[in-house]
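Trainee: Next up, work03.csv (CSV, C-alpha atoms (C1' of nucleotides)).
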```csv
chain,number,residue,atom,x,y,z
A,1,MET,CA,35.5,20.5,-7.3
A,2,LYS,CA,34.9,23.0,-4.5
A,3,ASP,CA,31.8,21.8,-2.8
A,4,LYS,CA,30.9,19.2,-0.3
A,5,VAL,CA,31.2,15.6,-1.5
A,6,LYS,CA,28.7,12.9,-0.7
A,7,LEU,CA,30.2,10.7,2.0
A,8,ASP,CA,28.4,7.7,3.6
A,9,ARG,CA,29.0,6.4,7.0
A,10,ILE,CA,31.8,4.1,5.9
A,11,ASP,CA,33.7,6.9,4.1
A,12,LEU,CA,33.5,9.0,7.3
A,13,LYS,CA,34.9,6.1,9.3
A,14,ILE,CA,37.8,5.8,6.8
A,15,LEU,CA,38.5,9.5,7.0
A,16,LYS,CA,38.6,9.5,10.8
A,17,ILE,CA,40.9,6.5,10.9
A,18,LEU,CA,43.3,7.9,8.2
A,19,GLN,CA,43.5,11.3,9.9
A,20,ALA,CA,44.5,9.7,13.1
A,21,ASN,CA,46.8,7.1,11.6
A,22,ALA,CA,47.8,7.3,8.0
A,23,LYS,CA,50.1,4.3,8.3
A,24,ILE,CA,47.4,1.7,8.9
A,25,THR,CA,47.5,-1.2,6.4
A,26,ASN,CA,44.7,-1.6,4.0
A,27,ALA,CA,43.8,-4.9,5.5
A,28,GLN,CA,43.5,-3.5,9.0
A,29,LEU,CA,41.5,-0.5,7.7
A,30,ALA,CA,39.2,-3.0,5.9
A,31,GLN,CA,38.6,-4.9,9.1
A,32,GLU,CA,37.9,-1.8,11.2
A,33,ILE,CA,35.3,-0.5,8.8
A,34,GLY,CA,33.8,-4.0,8.2
A,35,LEU,CA,34.6,-4.4,4.5
A,36,SER,CA,37.0,-6.6,2.6
A,37,PRO,CA,40.3,-5.1,1.4
A,38,ALA,CA,39.3,-4.6,-2.3
A,39,PRO,CA,36.4,-2.2,-1.8
A,40,THR,CA,38.2,-0.5,1.1
A,41,LEU,CA,41.1,0.4,-1.2
A,42,GLU,CA,38.7,1.6,-3.9
A,43,ARG,CA,37.1,3.9,-1.4
A,44,VAL,CA,40.4,5.3,-0.2
A,45,LYS,CA,41.5,5.9,-3.8
A,46,LYS,CA,38.3,7.6,-4.6
A,47,LEU,CA,38.7,9.9,-1.6
A,48,GLU,CA,42.2,10.7,-2.8
A,49,THR,CA,41.4,11.4,-6.4
A,50,SER,CA,38.3,13.4,-5.5
A,51,GLY,CA,40.4,15.6,-3.3
A,52,VAL,CA,38.7,14.8,0.0
A,53,ILE,CA,42.0,13.5,1.2
A,54,LYS,CA,44.6,16.1,0.1
A,55,SER,CA,47.8,14.6,1.3
A,56,TYR,CA,49.7,12.6,3.9
A,57,HIS,CA,52.2,14.0,6.4
A,58,ALA,CA,54.6,12.9,9.1
A,59,LYS,CA,54.2,14.9,12.3
A,60,LEU,CA,57.4,15.6,14.1
A,61,ASN,CA,58.4,16.3,17.7
A,62,THR,CA,59.5,19.9,17.5
A,63,GLN,CA,61.7,19.7,20.5
A,64,LYS,CA,63.6,16.8,19.2
A,65,VAL,CA,64.4,18.4,15.9
A,66,GLY,CA,65.6,21.5,17.7
A,67,LEU,CA,62.7,23.8,17.1
A,68,GLY,CA,62.0,25.3,20.5
A,69,VAL,CA,59.9,28.3,19.8
A,70,SER,CA,56.5,28.5,18.2
A,71,THR,CA,54.4,31.6,18.0
A,72,PHE,CA,51.2,33.1,16.7
A,73,VAL,CA,51.6,36.5,15.2
A,74,MET,CA,48.7,38.9,14.6
A,75,VAL,CA,49.4,41.2,11.7
A,76,THR,CA,47.7,44.4,10.7
A,77,LEU,CA,48.4,45.8,7.3
A,78,LYS,CA,48.7,49.5,6.4
A,79,GLY,CA,45.7,49.2,4.1
A,80,HIS,CA,43.2,46.5,3.7
A,81,ASN,CA,43.3,46.7,-0.1
A,82,LYS,CA,43.9,43.8,-2.5
A,83,ASP,CA,47.3,45.0,-3.6
A,84,ASN,CA,48.7,45.1,-0.1
A,85,ILE,CA,47.3,41.7,0.7
A,86,GLU,CA,48.9,40.3,-2.3
A,87,ILE,CA,52.3,41.9,-1.5
A,88,PHE,CA,52.0,40.5,2.0
A,89,THR,CA,51.1,37.0,1.1
A,90,GLU,CA,53.8,36.7,-1.5
A,91,SER,CA,56.4,37.9,1.0
A,92,ILE,CA,55.1,35.4,3.5
A,93,SER,CA,55.2,32.5,1.0
A,94,GLU,CA,59.0,32.6,0.8
A,95,ILE,CA,59.6,32.3,4.5
A,96,ASP,CA,59.8,28.7,5.5
A,97,GLU,CA,59.5,29.5,9.2
A,98,ILE,CA,56.0,30.8,8.7
A,99,ILE,CA,54.1,27.6,8.4
A,100,GLU,CA,50.6,29.1,8.5
A,101,CYS,CA,49.0,32.3,7.2
A,102,HIS,CA,45.3,33.0,7.5
A,103,HIS,CA,43.3,36.0,6.6
A,104,VAL,CA,40.9,36.6,9.5
A,105,THR,CA,38.2,38.9,10.8
A,106,GLY,CA,38.8,41.0,13.9
A,107,SER,CA,41.2,43.7,14.9
A,108,GLY,CA,44.1,42.3,13.0
A,109,ASP,CA,44.1,41.2,9.4
A,110,PHE,CA,46.2,38.1,9.4
A,111,ILE,CA,47.3,35.5,11.9
A,112,LEU,CA,50.6,33.6,11.3
A,113,LYS,CA,52.1,30.6,12.9
A,114,ILE,CA,55.8,30.7,13.1
A,115,ILE,CA,58.4,28.2,14.2
A,116,ALA,CA,62.0,28.9,15.1
A,117,GLU,CA,64.9,27.2,16.8
A,118,ASP,CA,65.0,29.5,19.8
A,119,ILE,CA,64.2,33.0,20.9
A,120,ALA,CA,67.3,34.4,19.3
A,121,ALA,CA,66.6,32.9,16.0
A,122,TYR,CA,63.0,34.0,16.2
A,123,GLN,CA,64.0,37.6,16.9
A,124,LYS,CA,66.4,37.6,14.0
A,125,LEU,CA,63.8,36.2,11.7
A,126,MET,CA,61.3,38.8,12.7
A,127,LEU,CA,63.7,41.7,12.5
A,128,GLU,CA,65.3,40.7,9.3
A,129,ARG,CA,62.6,39.2,7.3
A,130,VAL,CA,59.1,39.8,8.6
A,131,THR,CA,58.8,43.2,10.4
A,132,ASN,CA,60.2,45.0,7.4
A,133,ILE,CA,57.7,43.8,4.8
A,134,GLU,CA,56.6,47.2,3.6
A,135,VAL,CA,52.8,46.8,3.9
A,136,VAL,CA,52.9,45.7,7.5
A,137,ASP,CA,51.6,48.2,9.9
A,138,ASN,CA,51.7,46.3,13.2
A,139,MET,CA,52.5,42.9,14.6
A,140,GLN,CA,51.8,41.3,17.9
A,141,SER,CA,53.6,38.0,18.9
A,142,LEU,CA,52.0,35.4,21.1
A,143,VAL,CA,54.6,32.9,22.2
A,144,ILE,CA,53.4,29.4,22.8
A,145,LEU,CA,54.3,28.3,26.3
A,146,SER,CA,52.8,24.9,26.0
A,147,THR,CA,50.4,23.0,23.8
A,148,PHE,CA,47.5,21.0,25.4
A,149,LYS,CA,45.9,19.8,22.2
A,150,ASP,CA,47.0,19.6,18.6
A,151,SER,CA,44.7,17.2,16.9
A,152,LYS,CA,45.0,16.2,13.3
A,153,VAL,CA,41.5,14.8,13.3
A,154,MET,CA,38.7,17.1,12.3
A,155,PRO,CA,35.3,16.9,13.7
A,156,ILE,CA,33.5,15.3,10.9
A,157,PRO,CA,30.0,14.1,11.8
B,1,MET,CA,63.5,11.7,25.8
B,2,LYS,CA,62.7,15.4,25.8
B,3,ASP,CA,65.8,16.9,24.3
B,4,LYS,CA,67.1,17.4,20.9
B,5,VAL,CA,68.2,14.3,19.1
B,6,LYS,CA,71.4,14.1,17.0
B,7,LEU,CA,70.4,14.1,13.3
B,8,ASP,CA,72.7,14.0,10.4
B,9,ARG,CA,72.2,15.5,7.0
B,10,ILE,CA,70.5,12.4,5.7
B,11,ASP,CA,68.1,12.2,8.6
B,12,LEU,CA,67.1,15.8,8.0
B,13,LYS,CA,66.4,15.0,4.3
B,14,ILE,CA,64.3,12.1,5.4
B,15,LEU,CA,62.3,14.2,7.8
B,16,LYS,CA,61.7,16.9,5.2
B,17,ILE,CA,60.5,14.4,2.6
B,18,LEU,CA,58.2,12.5,5.0
B,19,GLN,CA,56.7,15.7,6.3
B,20,ALA,CA,55.8,16.7,2.8
B,21,ASN,CA,54.7,13.3,1.6
B,22,ALA,CA,54.3,10.4,4.1
B,23,LYS,CA,53.1,8.0,1.4
B,24,ILE,CA,56.4,7.8,-0.5
B,25,THR,CA,57.7,4.3,-0.9
B,26,ASN,CA,60.8,3.3,0.9
B,27,ALA,CA,62.5,2.6,-2.4
B,28,GLN,CA,61.8,6.1,-3.7
B,29,LEU,CA,62.8,7.6,-0.4
B,30,ALA,CA,66.0,5.6,-0.6
B,31,GLN,CA,66.8,6.9,-4.0
B,32,GLU,CA,66.1,10.5,-3.1
B,33,ILE,CA,68.4,10.5,-0.1
B,34,GLY,CA,71.1,8.4,-2.0
B,35,LEU,CA,71.1,5.2,0.1
B,36,SER,CA,69.8,1.7,-0.5
B,37,PRO,CA,66.4,0.6,0.9
B,38,ALA,CA,67.7,-1.3,3.9
B,39,PRO,CA,69.6,1.5,5.7
B,40,THR,CA,66.9,3.9,4.7
B,41,LEU,CA,64.3,1.9,6.4
B,42,GLU,CA,66.5,1.5,9.4
B,43,ARG,CA,66.8,5.2,9.7
B,44,VAL,CA,63.1,5.8,9.4
B,45,LYS,CA,62.3,3.2,12.0
B,46,LYS,CA,64.9,4.8,14.3
B,47,LEU,CA,63.3,8.2,13.8
B,48,GLU,CA,60.0,6.7,14.7
B,49,THR,CA,61.0,4.8,17.8
B,50,SER,CA,63.1,7.7,19.1
B,51,GLY,CA,60.0,9.8,18.9
B,52,VAL,CA,61.4,12.3,16.4
B,53,ILE,CA,58.5,11.3,14.1
B,54,LYS,CA,55.4,11.2,16.3
B,55,SER,CA,52.8,10.0,13.9
B,56,TYR,CA,51.4,10.1,10.4
B,57,HIS,CA,48.2,11.8,9.3
B,58,ALA,CA,45.9,12.3,6.3
B,59,LYS,CA,45.1,15.9,5.6
B,60,LEU,CA,41.5,16.6,4.4
B,61,ASN,CA,39.9,19.3,2.4
B,62,THR,CA,37.7,20.9,5.0
B,63,GLN,CA,35.2,22.2,2.4
B,64,LYS,CA,34.6,18.8,0.9
B,65,VAL,CA,33.9,17.2,4.2
B,66,GLY,CA,31.4,19.9,5.0
B,67,LEU,CA,33.4,21.9,7.5
B,68,GLY,CA,33.0,25.5,6.3
B,69,VAL,CA,34.1,27.5,9.4
B,70,SER,CA,37.4,27.6,11.1
B,71,THR,CA,38.4,30.1,13.8
B,72,PHE,CA,41.0,31.1,16.2
B,73,VAL,CA,39.7,32.0,19.6
B,74,MET,CA,41.7,34.0,22.2
B,75,VAL,CA,40.7,33.1,25.7
B,76,THR,CA,41.3,34.9,29.0
B,77,LEU,CA,40.7,33.0,32.2
B,78,LYS,CA,39.3,34.4,35.4
B,79,GLY,CA,42.5,33.6,37.2
B,80,HIS,CA,45.8,32.5,35.9
B,81,ASN,CA,46.3,29.9,38.6
B,82,LYS,CA,47.1,26.3,38.1
B,83,ASP,CA,43.7,25.0,39.1
B,84,ASN,CA,41.8,27.1,36.6
B,85,ILE,CA,44.2,26.2,33.8
B,86,GLU,CA,43.6,22.5,34.6
B,87,ILE,CA,39.8,23.0,34.7
B,88,PHE,CA,40.0,24.8,31.4
B,89,THR,CA,42.2,22.3,29.6
B,90,GLU,CA,40.2,19.4,30.7
B,91,SER,CA,36.9,20.9,29.5
B,92,ILE,CA,38.6,21.6,26.2
B,93,SER,CA,39.9,18.1,25.8
B,94,GLU,CA,36.4,16.7,25.5
B,95,ILE,CA,35.3,19.0,22.7
B,96,ASP,CA,36.3,17.5,19.3
B,97,GLU,CA,35.7,20.7,17.4
B,98,ILE,CA,38.5,22.3,19.3
B,99,ILE,CA,41.5,20.9,17.4
B,100,GLU,CA,44.2,23.0,19.0
B,101,CYS,CA,44.7,24.6,22.4
B,102,HIS,CA,47.9,26.5,23.2
B,103,HIS,CA,48.9,28.3,26.3
B,104,VAL,CA,50.4,31.6,25.2
B,105,THR,CA,52.0,34.8,26.4
B,106,GLY,CA,50.2,38.1,25.7
B,107,SER,CA,46.9,39.7,26.6
B,108,GLY,CA,45.0,36.5,26.5
B,109,ASP,CA,45.9,33.2,28.1
B,110,PHE,CA,45.0,30.6,25.5
B,111,ILE,CA,44.5,30.4,21.8
B,112,LEU,CA,42.2,27.8,20.3
B,113,LYS,CA,41.6,26.6,16.8
B,114,ILE,CA,38.1,25.5,16.2
B,115,ILE,CA,36.4,23.9,13.3
B,116,ALA,CA,32.7,23.7,12.6
B,117,GLU,CA,30.2,23.0,9.9
B,118,ASP,CA,28.9,26.5,9.4
B,119,ILE,CA,28.4,29.7,11.4
B,120,ALA,CA,25.2,28.4,13.0
B,121,ALA,CA,26.9,25.3,14.2
B,122,TYR,CA,29.8,27.4,15.4
B,123,GLN,CA,27.6,29.7,17.3
B,124,LYS,CA,25.8,26.7,18.9
B,125,LEU,CA,29.0,25.1,19.9
B,126,MET,CA,30.3,28.3,21.5
B,127,LEU,CA,27.1,29.1,23.3
B,128,GLU,CA,26.4,25.6,24.6
B,129,ARG,CA,29.8,24.2,25.2
B,130,VAL,CA,32.6,26.7,25.3
B,131,THR,CA,31.4,30.1,26.6
B,132,ASN,CA,30.0,28.5,29.7
B,133,ILE,CA,33.2,26.9,30.9
B,134,GLU,CA,33.2,28.4,34.4
B,135,VAL,CA,36.8,29.6,34.5
B,136,VAL,CA,36.5,31.5,31.3
B,137,ASP,CA,36.5,35.2,31.6
B,138,ASN,CA,36.6,36.4,28.1
B,139,MET,CA,36.8,35.1,24.5
B,140,GLN,CA,37.4,36.8,21.2
B,141,SER,CA,36.8,34.9,18.0
B,142,LEU,CA,38.7,35.5,14.8
B,143,VAL,CA,37.0,33.8,11.9
B,144,ILE,CA,39.3,32.6,9.1
B,145,LEU,CA,38.3,34.1,5.8
B,146,SER,CA,40.9,32.3,3.8
B,147,THR,CA,44.1,30.4,4.3
B,148,PHE,CA,47.2,31.3,2.2
B,149,LYS,CA,49.6,28.9,3.8
B,150,ASP,CA,49.2,25.8,5.8
B,151,SER,CA,52.4,23.9,5.6
B,152,LYS,CA,53.0,20.6,7.3
B,153,VAL,CA,56.8,21.0,6.8
B,154,MET,CA,58.7,22.5,9.7
B,155,PRO,CA,61.8,24.7,9.0
B,156,ILE,CA,64.4,22.2,10.1
B,157,PRO,CA,67.9,23.3,9.2
C,1,DC,C1',97.6,-3.3,14.8
C,2,DT,C1',93.5,-5.5,15.7
C,3,DT,C1',88.9,-5.7,17.4
C,4,DC,C1',84.5,-3.9,17.9
C,5,DG,C1',80.5,-1.6,16.5
C,6,DC,C1',78.2,0.8,13.2
C,7,DG,C1',76.3,1.9,8.8
C,8,DC,C1',76.0,0.3,4.5
C,9,DC,C1',74.7,-3.0,0.4
C,10,DA,C1',72.6,-6.9,-2.5
C,11,DA,C1',69.6,-10.3,-2.5
C,12,DA,C1',66.2,-13.4,-0.3
C,13,DT,C1',61.8,-13.5,2.0
C,14,DA,C1',57.6,-11.9,4.0
C,15,DT,C1',53.9,-8.7,3.9
C,16,DT,C1',51.0,-5.7,1.7
C,17,DA,C1',48.8,-3.5,-2.1
C,18,DT,C1',46.4,-4.1,-6.2
C,19,DT,C1',44.0,-6.4,-9.9
C,20,DT,C1',40.7,-9.7,-11.6
C,21,DG,C1',36.5,-11.9,-12.4
C,22,DG,C1',32.3,-12.7,-10.8
C,23,DT,C1',27.7,-12.0,-7.7
C,24,DA,C1',24.1,-9.4,-5.7
C,25,DA,C1',21.8,-5.3,-4.5
C,26,DA,C1',20.3,-0.6,-5.8
C,27,DT,C1',18.8,2.7,-9.6
C,28,DC,C1',16.3,4.0,-13.4
C,29,DA,C1',13.8,4.1,-17.9
C,30,DA,C1',10.2,2.2,-20.1
D,1,DT,C1',6.6,-3.6,-12.4
D,2,DT,C1',10.3,-5.2,-15.1
D,3,DG,C1',14.5,-5.6,-17.4
D,4,DA,C1',18.8,-3.2,-18.1
D,5,DT,C1',22.5,-0.9,-16.1
D,6,DT,C1',25.3,0.6,-12.7
D,7,DT,C1',27.4,0.2,-8.3
D,8,DA,C1',29.4,-1.9,-4.4
D,9,DC,C1',31.0,-5.8,-2.9
D,10,DC,C1',33.8,-10.3,-2.2
D,11,DA,C1',37.5,-14.1,-2.6
D,12,DA,C1',41.5,-15.2,-4.6
D,13,DA,C1',45.4,-14.5,-7.8
D,14,DT,C1',49.1,-11.4,-8.8
D,15,DA,C1',52.2,-7.5,-8.4
D,16,DA,C1',54.6,-4.3,-5.7
D,17,DT,C1',56.7,-3.1,-1.5
D,18,DA,C1',58.5,-3.7,3.0
D,19,DT,C1',61.6,-6.2,5.8
D,20,DT,C1',65.1,-9.5,7.0
D,21,DT,C1',69.4,-11.6,6.3
D,22,DG,C1',74.3,-12.1,5.9
D,23,DG,C1',78.3,-10.1,4.8
D,24,DC,C1',81.6,-6.1,3.8
D,25,DG,C1',84.3,-2.0,4.9
D,26,DC,C1',85.4,1.8,7.7
D,27,DG,C1',86.3,4.5,11.9
D,28,DA,C1',87.0,4.6,16.8
D,29,DA,C1',88.8,2.5,21.1
D,30,DG,C1',91.9,-0.4,23.2
```
Would you encode the structure as structure tokens?

Mentor:
Amino acid sequence: MKDKVKLDRIDLKILKILQANAKITNAQLAQEIGLSPAPTLERVKKLETSGVIKSYHAKLNTQKVGLGVSTFVMVTLKGHNKDNIEIFTESISEIDEIIECHHVTGSGDFILKIIAEDIAAYQKLMLERVTNIEVVDNMQSLVILSTFKDSKVMPIP
Amino acid sequence: MKDKVKLDRIDLKILKILQANAKITNAQLAQEIGLSPAPTLERVKKLETSGVIKSYHAKLNTQKVGLGVSTFVMVTLKGHNKDNIEIFTESISEIDEIIECHHVTGSGDFILKIIAEDIAAYQKLMLERVTNIEVVDNMQSLVILSTFKDSKVMPIP
DNA sequence: CTTCGCGCCAAATATTATTTGGTAAATCAA
DNA sequence: TTGATTTACCAAATAATATTTGGCGCGAAG
């Protein structure tokens, strides 16, 4: 359940389409891939139960829901040991504004993506909930000025 | 069409639910927010047409589709002028493996998220298609070792 | 106070998903 | 190679779900 799954040309087509538009009807999907609805649905269900498709999500316009500030934050921990990493990731998991947390190579240890209402809210969040996580040594914020690309379609062959 | 939209408590509930699970049926959604199906659907449609909900996407398991390497890349351009930025973003837009491109504050100018099959494919991509974009001065890759959080639910009040 | 517009509901209808039963092609063991 | 078995497919019936309709009640504006 962790390794690559065998996917034929049609499966890949389905995945591309559903990544770009999860709301397509089964009949339309069937037509686009050149099969009838029944086997199309079977394939989609199989992709779901096998875990190739993890979930389906609505994508929002951040401005319109009043979330004006997005940032990436590069974090260095005080020590790179397992305990500290666990303390850090558990602290992170409780903070809704941190929507991504990746362990990365390079000068820092982690990179976070954070979303807040405005700069004031962002500052408050950082000061009161993030900066004071005990194992954090250093943080550098990169504020997103504009986003040119934010594709939900991965480059599958 | 660019500013915050008025959303009541029920709209916010709908948005939270659809971000977490876009495949919920209208009847279930109606029940969870405490309305009947008809006005529930009306609200969802209104959120869609007003652009609060931009789109719906399937989220895939990268391992299972054979995409083993994800990275963040911090890019510095040779000049921070408008022309160079345009040249850069247009070059970027043609490369499917670059799924995100944000203009950011800080030492670099842009941060990219890139997905590839493996390290070899990643190296090839960078050497042949990214590094040689003329306006690029410097790039630093951060390879994602593991992801602890990747939420599709934004922190709306 | 009354009228309008909005948001809601229940129930009818339309659309879509899902199941069913059966056929043909691909796979494999003998 | 052949016969058995599985797999993938299709058309059409059925079940589930979305969507429309008509009407009610409430709050705001005149």

Trainee: Could you produce a table of the residues of range 53-137 of chain A lying within 12 Å of range 14-31 of chain A, with the nearest pair of atoms per residue and their separation in Å rounded to one decimal, using all atoms listed in the file, ordered by chain and increasing residue number, as a Markdown table?

Mentor:
```
| residue | atom | partner | partner_atom | distance |
| --- | --- | --- | --- | --- |
| A:Ile53 | CA | A:Leu15 | CA | 7.9 |
| A:Lys54 | CA | A:Gln19 | CA | 11.0 |
| A:Ser55 | CA | A:Ala22 | CA | 9.9 |
| A:Tyr56 | CA | A:Ala22 | CA | 7.0 |
| A:His57 | CA | A:Ala22 | CA | 8.2 |
| A:Ala58 | CA | A:Ala22 | CA | 8.9 |
| A:Lys59 | CA | A:Asn21 | CA | 10.8 |
```

Trainee: Find the residues of chain B that sit at most 6 Å from chain A; for each, write down the nearest two atoms and how far apart they are in Å, to one decimal. Count all atoms listed in the file. Sort by chain, then by number going up, and give it as CSV.

Mentor:
```
residue,atom,partner,partner_atom,distance
B:Asp3,CA,A:Lys64,CA,5.6
B:Lys4,CA,A:Lys64,CA,3.9
B:Val5,CA,A:Lys64,CA,5.2
B:Leu18,CA,A:Ala58,CA,5.5
B:Gln19,CA,A:Ala58,CA,4.5
B:Ala20,CA,A:His57,CA,5.8
B:Asn21,CA,A:His57,CA,5.5
B:Ala22,CA,A:His57,CA,4.8
B:Val52,CA,A:Asn61,CA,5.2
B:Ile53,CA,A:Leu60,CA,4.4
B:Lys54,CA,A:Leu60,CA,5.3
B:Ser55,CA,A:Lys59,CA,5.3
B:Tyr56,CA,A:Ala58,CA,4.4
B:His57,CA,A:Ala22,CA,4.7
B:Ala58,CA,A:Gln19,CA,4.4
B:Lys59,CA,A:Ser55,CA,5.2
B:Leu60,CA,A:Ile53,CA,4.5
B:Asn61,CA,A:Val52,CA,5.2
B:Gln63,CA,A:Lys4,CA,5.9
B:Lys64,CA,A:Lys4,CA,3.9
B:Val65,CA,A:Lys4,CA,5.8
B:Gly66,CA,A:Lys4,CA,5.4
B:Asp96,CA,A:Pro155,CA,5.7
B:Glu97,CA,A:Pro155,CA,5.3
B:Ile99,CA,A:Ser151,CA,4.9
B:Glu100,CA,A:Asp150,CA,4.4
B:Cys101,CA,A:Lys149,CA,5.0
B:His102,CA,A:Thr147,CA,4.3
B:His103,CA,A:Ser146,CA,5.2
B:Val104,CA,A:Ile144,CA,4.4
B:Thr105,CA,A:Val143,CA,5.3
B:Gly106,CA,A:Leu142,CA,5.6
B:Leu142,CA,A:Thr105,CA,5.3
B:Val143,CA,A:Thr105,CA,5.4
B:Ile144,CA,A:Val104,CA,4.3
B:Leu145,CA,A:Val104,CA,5.2
B:Ser146,CA,A:His103,CA,5.2
B:Thr147,CA,A:His102,CA,4.3
B:Phe148,CA,A:Cys101,CA,5.4
B:Lys149,CA,A:Glu100,CA,4.8
B:Asp150,CA,A:Glu100,CA,4.5
B:Ser151,CA,A:Ile99,CA,4.9
B:Pro155,CA,A:Glu97,CA,5.3
```

Trainee: Emit the selected residues as a short mmCIF file (atom, residue, chain, number, x, y, z; two decimals), in the coordinates of the input, including C-alpha atoms.

Mentor:
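Output contents, as saved in again_30.cif:
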```cif
data_model
loop_
_atom_site.label_atom_id
_atom_site.label_comp_id
_atom_site.auth_asym_id
_atom_site.auth_seq_id
_atom_site.Cartn_x
_atom_site.Cartn_y
_atom_site.Cartn_z
CA ASP B 3 65.80 16.90 24.30
CA LYS B 4 67.10 17.40 20.90
CA VAL B 5 68.20 14.30 19.10
CA LEU B 18 58.20 12.50 5.00
CA GLN B 19 56.70 15.70 6.30
CA ALA B 20 55.80 16.70 2.80
CA ASN B 21 54.70 13.30 1.60
CA ALA B 22 54.30 10.40 4.10
CA VAL B 52 61.40 12.30 16.40
CA ILE B 53 58.50 11.30 14.10
CA LYS B 54 55.40 11.20 16.30
CA SER B 55 52.80 10.00 13.90
CA TYR B 56 51.40 10.10 10.40
CA HIS B 57 48.20 11.80 9.30
CA ALA B 58 45.90 12.30 6.30
CA LYS B 59 45.10 15.90 5.60
CA LEU B 60 41.50 16.60 4.40
CA ASN B 61 39.90 19.30 2.40
CA GLN B 63 35.20 22.20 2.40
CA LYS B 64 34.60 18.80 0.90
CA VAL B 65 33.90 17.20 4.20
CA GLY B 66 31.40 19.90 5.00
CA ASP B 96 36.30 17.50 19.30
CA GLU B 97 35.70 20.70 17.40
CA ILE B 99 41.50 20.90 17.40
CA GLU B 100 44.20 23.00 19.00
CA CYS B 101 44.70 24.60 22.40
CA HIS B 102 47.90 26.50 23.20
CA HIS B 103 48.90 28.30 26.30
CA VAL B 104 50.40 31.60 25.20
CA THR B 105 52.00 34.80 26.40
CA GLY B 106 50.20 38.10 25.70
CA LEU B 142 38.70 35.50 14.80
CA VAL B 143 37.00 33.80 11.90
CA ILE B 144 39.30 32.60 9.10
CA LEU B 145 38.30 34.10 5.80
CA SER B 146 40.90 32.30 3.80
CA THR B 147 44.10 30.40 4.30
CA PHE B 148 47.20 31.30 2.20
CA LYS B 149 49.60 28.90 3.80
CA ASP B 150 49.20 25.80 5.80
CA SER B 151 52.40 23.90 5.60
CA PRO B 155 61.80 24.70 9.00
#
```

Trainee: Counting all atoms listed in the file, write as a compact mmCIF listing (two decimals) with C-alpha atoms (C1' of nucleotides), in the frame of the given file all protein and nucleic acid residues lying at most 12 Å from (24.6, 2.3, -11.4) in the file's frame.

Mentor:
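After the write, part-v4.txt holds the following:
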```txt
# COMPACT_ATOMS: atom_id res chain seq x y z
C1' DA C 25 21.80 -5.30 -4.50
C1' DA C 26 20.30 -0.60 -5.80
C1' DT C 27 18.80 2.70 -9.60
C1' DC C 28 16.30 4.00 -13.40
C1' DA D 4 18.80 -3.20 -18.10
C1' DT D 5 22.50 -0.90 -16.10
C1' DT D 6 25.30 0.60 -12.70
C1' DT D 7 27.40 0.20 -8.30
C1' DA D 8 29.40 -1.90 -4.40
```

Trainee: Find the distance between C1' of DA24 in chain C and CA of Lys46 in chain A and write it in Å to one decimal.

Mentor: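 Taking C1' of DA24 in chain C and CA of Lys46 in chain A, their separation equals 22.2 Å.
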
Trainee: Report as a PyMOL selection string all protein, DNA and RNA residues lying within 10 Å of DA16 in chain D, evaluated on all atoms listed in the file, omitting residues in the same chain fewer than 4 positions from it.

Mentor: chain C and resi 16-18

Trainee: Include C-alpha atoms (C1' of nucleotides) and write out the residues we just selected as a short mmCIF file (atom, residue, chain, number, x, y, z; two decimals), in the coordinates of the input.

Mentor:
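Below you can see out28.cif, which holds the result:
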```
data_model
loop_
_atom_site.label_atom_id
_atom_site.label_comp_id
_atom_site.auth_asym_id
_atom_site.auth_seq_id
_atom_site.Cartn_x
_atom_site.Cartn_y
_atom_site.Cartn_z
"C1'" DT C 16 51.00 -5.70 1.70
"C1'" DA C 17 48.80 -3.50 -2.10
"C1'" DT C 18 46.40 -4.10 -6.20
#
```

Trainee: Would you mind reading off the distance between C1' of DC9 in chain C and CA of Ala38 in chain B, one decimal, in Å?

Mentor: 8.0 Å

Trainee: Have a look at A:Lys13, A:Glu32, A:Pro39, A:Glu94 and name the one nearest to DT19 in chain C; count only C-alpha atoms (C1' of nucleotides).

Mentor: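 For DT19 in chain C, the nearest of the candidates is A:Pro39.
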
Trainee: Which distance in Å separates CA of Glu128 in chain A and CA of Val75 in chain A, to one decimal?

Mentor: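 We find that CA of Glu128 in chain A and CA of Val75 in chain A lie 16.1 Å from each other.
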
Trainee: Closest to chain D among B:Leu41, B:Ile33, B:Ile119, B:Ile10, using all atoms listed in the file?

Mentor: B:Leu41
